[in-house]
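What follows is protein-v3.txt (compact mmCIF, C-alpha atoms).
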```txt
# COMPACT_ATOMS: atom_id res chain seq x y z
CA MET I 1119 62.85 78.25 86.00
CA ARG I 1120 59.38 79.45 85.15
CA LYS I 1121 57.78 77.20 87.76
CA GLY I 1122 60.18 78.51 90.39
CA ARG I 1123 59.18 82.06 89.54
CA LEU I 1124 55.49 81.19 89.85
CA GLN I 1125 56.06 79.53 93.20
CA CYS I 1126 57.95 82.59 94.39
CA CYS I 1127 55.07 84.83 93.27
CA VAL I 1128 52.53 82.60 94.96
CA LEU I 1129 54.48 82.51 98.20
CA SER I 1130 54.88 86.29 98.07
CA ALA I 1131 51.16 86.64 97.52
CA LEU I 1132 50.31 84.26 100.35
CA ALA I 1133 52.52 85.94 102.95
CA PRO I 1134 50.34 89.06 103.45
CA VAL I 1135 47.18 86.94 103.52
CA CYS I 1136 48.63 84.63 106.18
CA LEU I 1137 49.85 87.56 108.25
CA GLY I 1138 46.43 89.16 107.99
CA LEU I 1139 44.78 85.95 109.15
CA LEU I 1140 47.08 85.76 112.15
CA ALA I 1141 46.53 89.40 113.09
CA ALA I 1142 42.74 89.35 112.77
CA PRO I 1143 40.46 87.87 115.41
CA ALA I 1144 39.11 84.43 114.58
CA THR I 1145 35.58 85.75 114.12
CA ALA I 1146 36.58 88.39 111.56
CA GLY I 1147 36.58 87.40 107.86
CA SER I 1148 37.66 83.93 106.95
CA PHE I 1149 38.97 82.19 103.89
CA THR I 1150 36.06 79.83 103.25
CA ARG I 1151 36.34 76.31 101.91
CA GLY I 1152 34.73 77.46 98.68
CA CYS I 1153 37.37 80.12 98.18
CA ALA I 1154 40.15 77.72 99.15
CA ALA I 1155 38.94 75.05 96.72
CA ARG I 1156 38.55 77.56 93.89
CA ASP I 1157 41.96 79.04 94.66
CA MET I 1158 43.58 75.61 94.33
CA GLN I 1159 41.76 74.95 91.05
CA VAL I 1160 42.85 78.25 89.54
CA LEU I 1161 46.43 77.82 90.75
CA LYS I 1162 46.55 74.36 89.17
CA LEU I 1163 45.15 75.80 85.93
CA ILE I 1164 47.85 78.48 85.86
CA GLU I 1165 50.58 75.90 86.47
CA GLU I 1166 49.23 73.64 83.72
CA HIS I 1167 49.17 76.53 81.25
CA GLU I 1168 52.70 77.50 82.23
CA ASP I 1169 53.98 73.94 81.84
CA ALA I 1170 52.42 73.77 78.38
CA SER I 1171 53.86 77.20 77.51
CA ALA I 1172 50.31 78.29 76.68
CA ILE I 1173 50.63 81.67 78.44
CA SER I 1174 53.31 84.31 78.75
CA ALA I 1175 55.12 85.09 81.97
CA GLN I 1176 53.28 88.42 82.12
CA LYS I 1177 49.84 86.78 81.87
CA SER I 1178 50.87 84.31 84.54
CA ALA I 1179 51.99 87.10 86.86
CA ASP I 1180 48.74 89.00 86.19
CA ALA I 1181 46.71 85.91 87.06
CA VAL I 1182 48.60 85.45 90.33
CA LEU I 1183 47.97 89.09 91.27
CA LYS I 1184 44.27 88.66 90.52
CA MET I 1185 44.27 85.56 92.72
CA MET I 1186 45.77 87.58 95.56
CA HIS I 1187 43.00 90.14 95.14
CA ALA I 1188 40.37 87.38 95.19
CA ARG I 1189 41.89 86.02 98.41
CA MET I 1190 41.64 89.42 100.07
CA VAL I 1191 38.04 89.86 98.90
CA CYS I 1192 37.14 86.45 100.32
CA HIS I 1193 38.87 87.23 103.59
CA GLU I 1194 36.74 90.39 103.82
CA GLY I 1195 33.70 88.11 103.78
CA ARG I 1196 32.61 88.88 100.20
CA VAL I 1197 32.72 85.25 99.12
CA LEU I 1198 30.48 85.55 96.05
CA ASP I 1199 32.57 88.46 94.75
CA ALA I 1200 35.75 86.46 95.34
CA LEU I 1201 34.34 83.42 93.53
CA ALA I 1202 33.41 85.68 90.61
CA LEU I 1203 37.01 86.92 90.51
CA TYR I 1204 38.30 83.34 90.49
CA ASP I 1205 35.88 82.56 87.65
CA SER I 1206 37.14 85.54 85.64
CA ILE I 1207 40.74 84.34 86.07
CA SER I 1208 39.75 80.86 84.93
CA GLU I 1209 37.86 82.23 81.92
CA SER I 1210 40.78 84.42 80.87
CA MET I 1211 43.12 81.42 81.10
CA THR I 1212 40.75 79.30 79.03
CA SER I 1213 40.29 81.96 76.37
CA THR I 1214 44.08 82.45 76.19
CA ALA I 1215 44.53 78.72 75.64
CA LEU I 1216 41.91 78.69 72.89
CA VAL I 1217 43.61 81.56 71.07
CA SER I 1218 46.96 79.74 71.34
CA GLU I 1219 45.45 76.55 69.92
CA ARG I 1220 43.92 78.39 66.95
CA ARG I 1221 47.28 79.91 66.04
CA GLN I 1222 48.92 76.48 65.79
```
Rewritten as structure tokens:
Amino acid sequence: MRKGRLQCCVLSALAPVCLGLLAAPATAGSFTRGCAARDMQVLKLIEEHEDASAISAQKSADAVLKMMHARMVCHEGRVLDALALYDSISESMTSTALVSERRQ
């Protein structure tokens, strides 16, 4: 059930980005390979933490919203800023996992 909710959130987050890409000329901002690769890594990290019940549903939803923001920043052409946002999501997921492990 949780995975279905995450997939729904991800698809909802992707819809505006895809529509924006279709509406914008090809030479305007682009979702670079670096952003795409980092996006996939962070999404996989979120899914792994969800499967292991290492994060709450709220933290998962927050991470997905931050990913959507990073996608928009990358599409605007601010790739380094977007990569920094992806890194911050990854770091927050890692620190959450460490806190969970210490409690056990």
- request: Would you mind listing what lies within 7 Å of segment 1159-1167 of chain I as number ranges by chain, with all atoms listed in the file counted and same-chain residues fewer than 5 positions away left out?
  value: I: 1172-1173, 1178, 1204, 1208
message: From the options I:Thr1212, I:Asp1169, I:Thr1150, I:Asp1157, which residue's atoms come nearest to His1187 of chain I, counting only C-alpha atoms?
response: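 Closest to His1187 of chain I, using only C-alpha atoms: I:Asp1157.
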message: From the options I:Cys1153, I:Ile1207, I:Ala1175, I:Ala1170, which residue's atoms come nearest to Val1191 of chain I, counting all atoms listed in the file?
response: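 Closest residue, counting all atoms listed in the file: I:Cys1153.
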statement: note - atom CA of Met1211 of chain I and atom CA of Val1182 of chain I are separated by 11.5 Å
message: As an exercise, work out the distance from atom CA of Arg1189 of chain I to atom CA of Phe1149 of chain I in Å and give it to one decimal place.
response: 7.3 Å
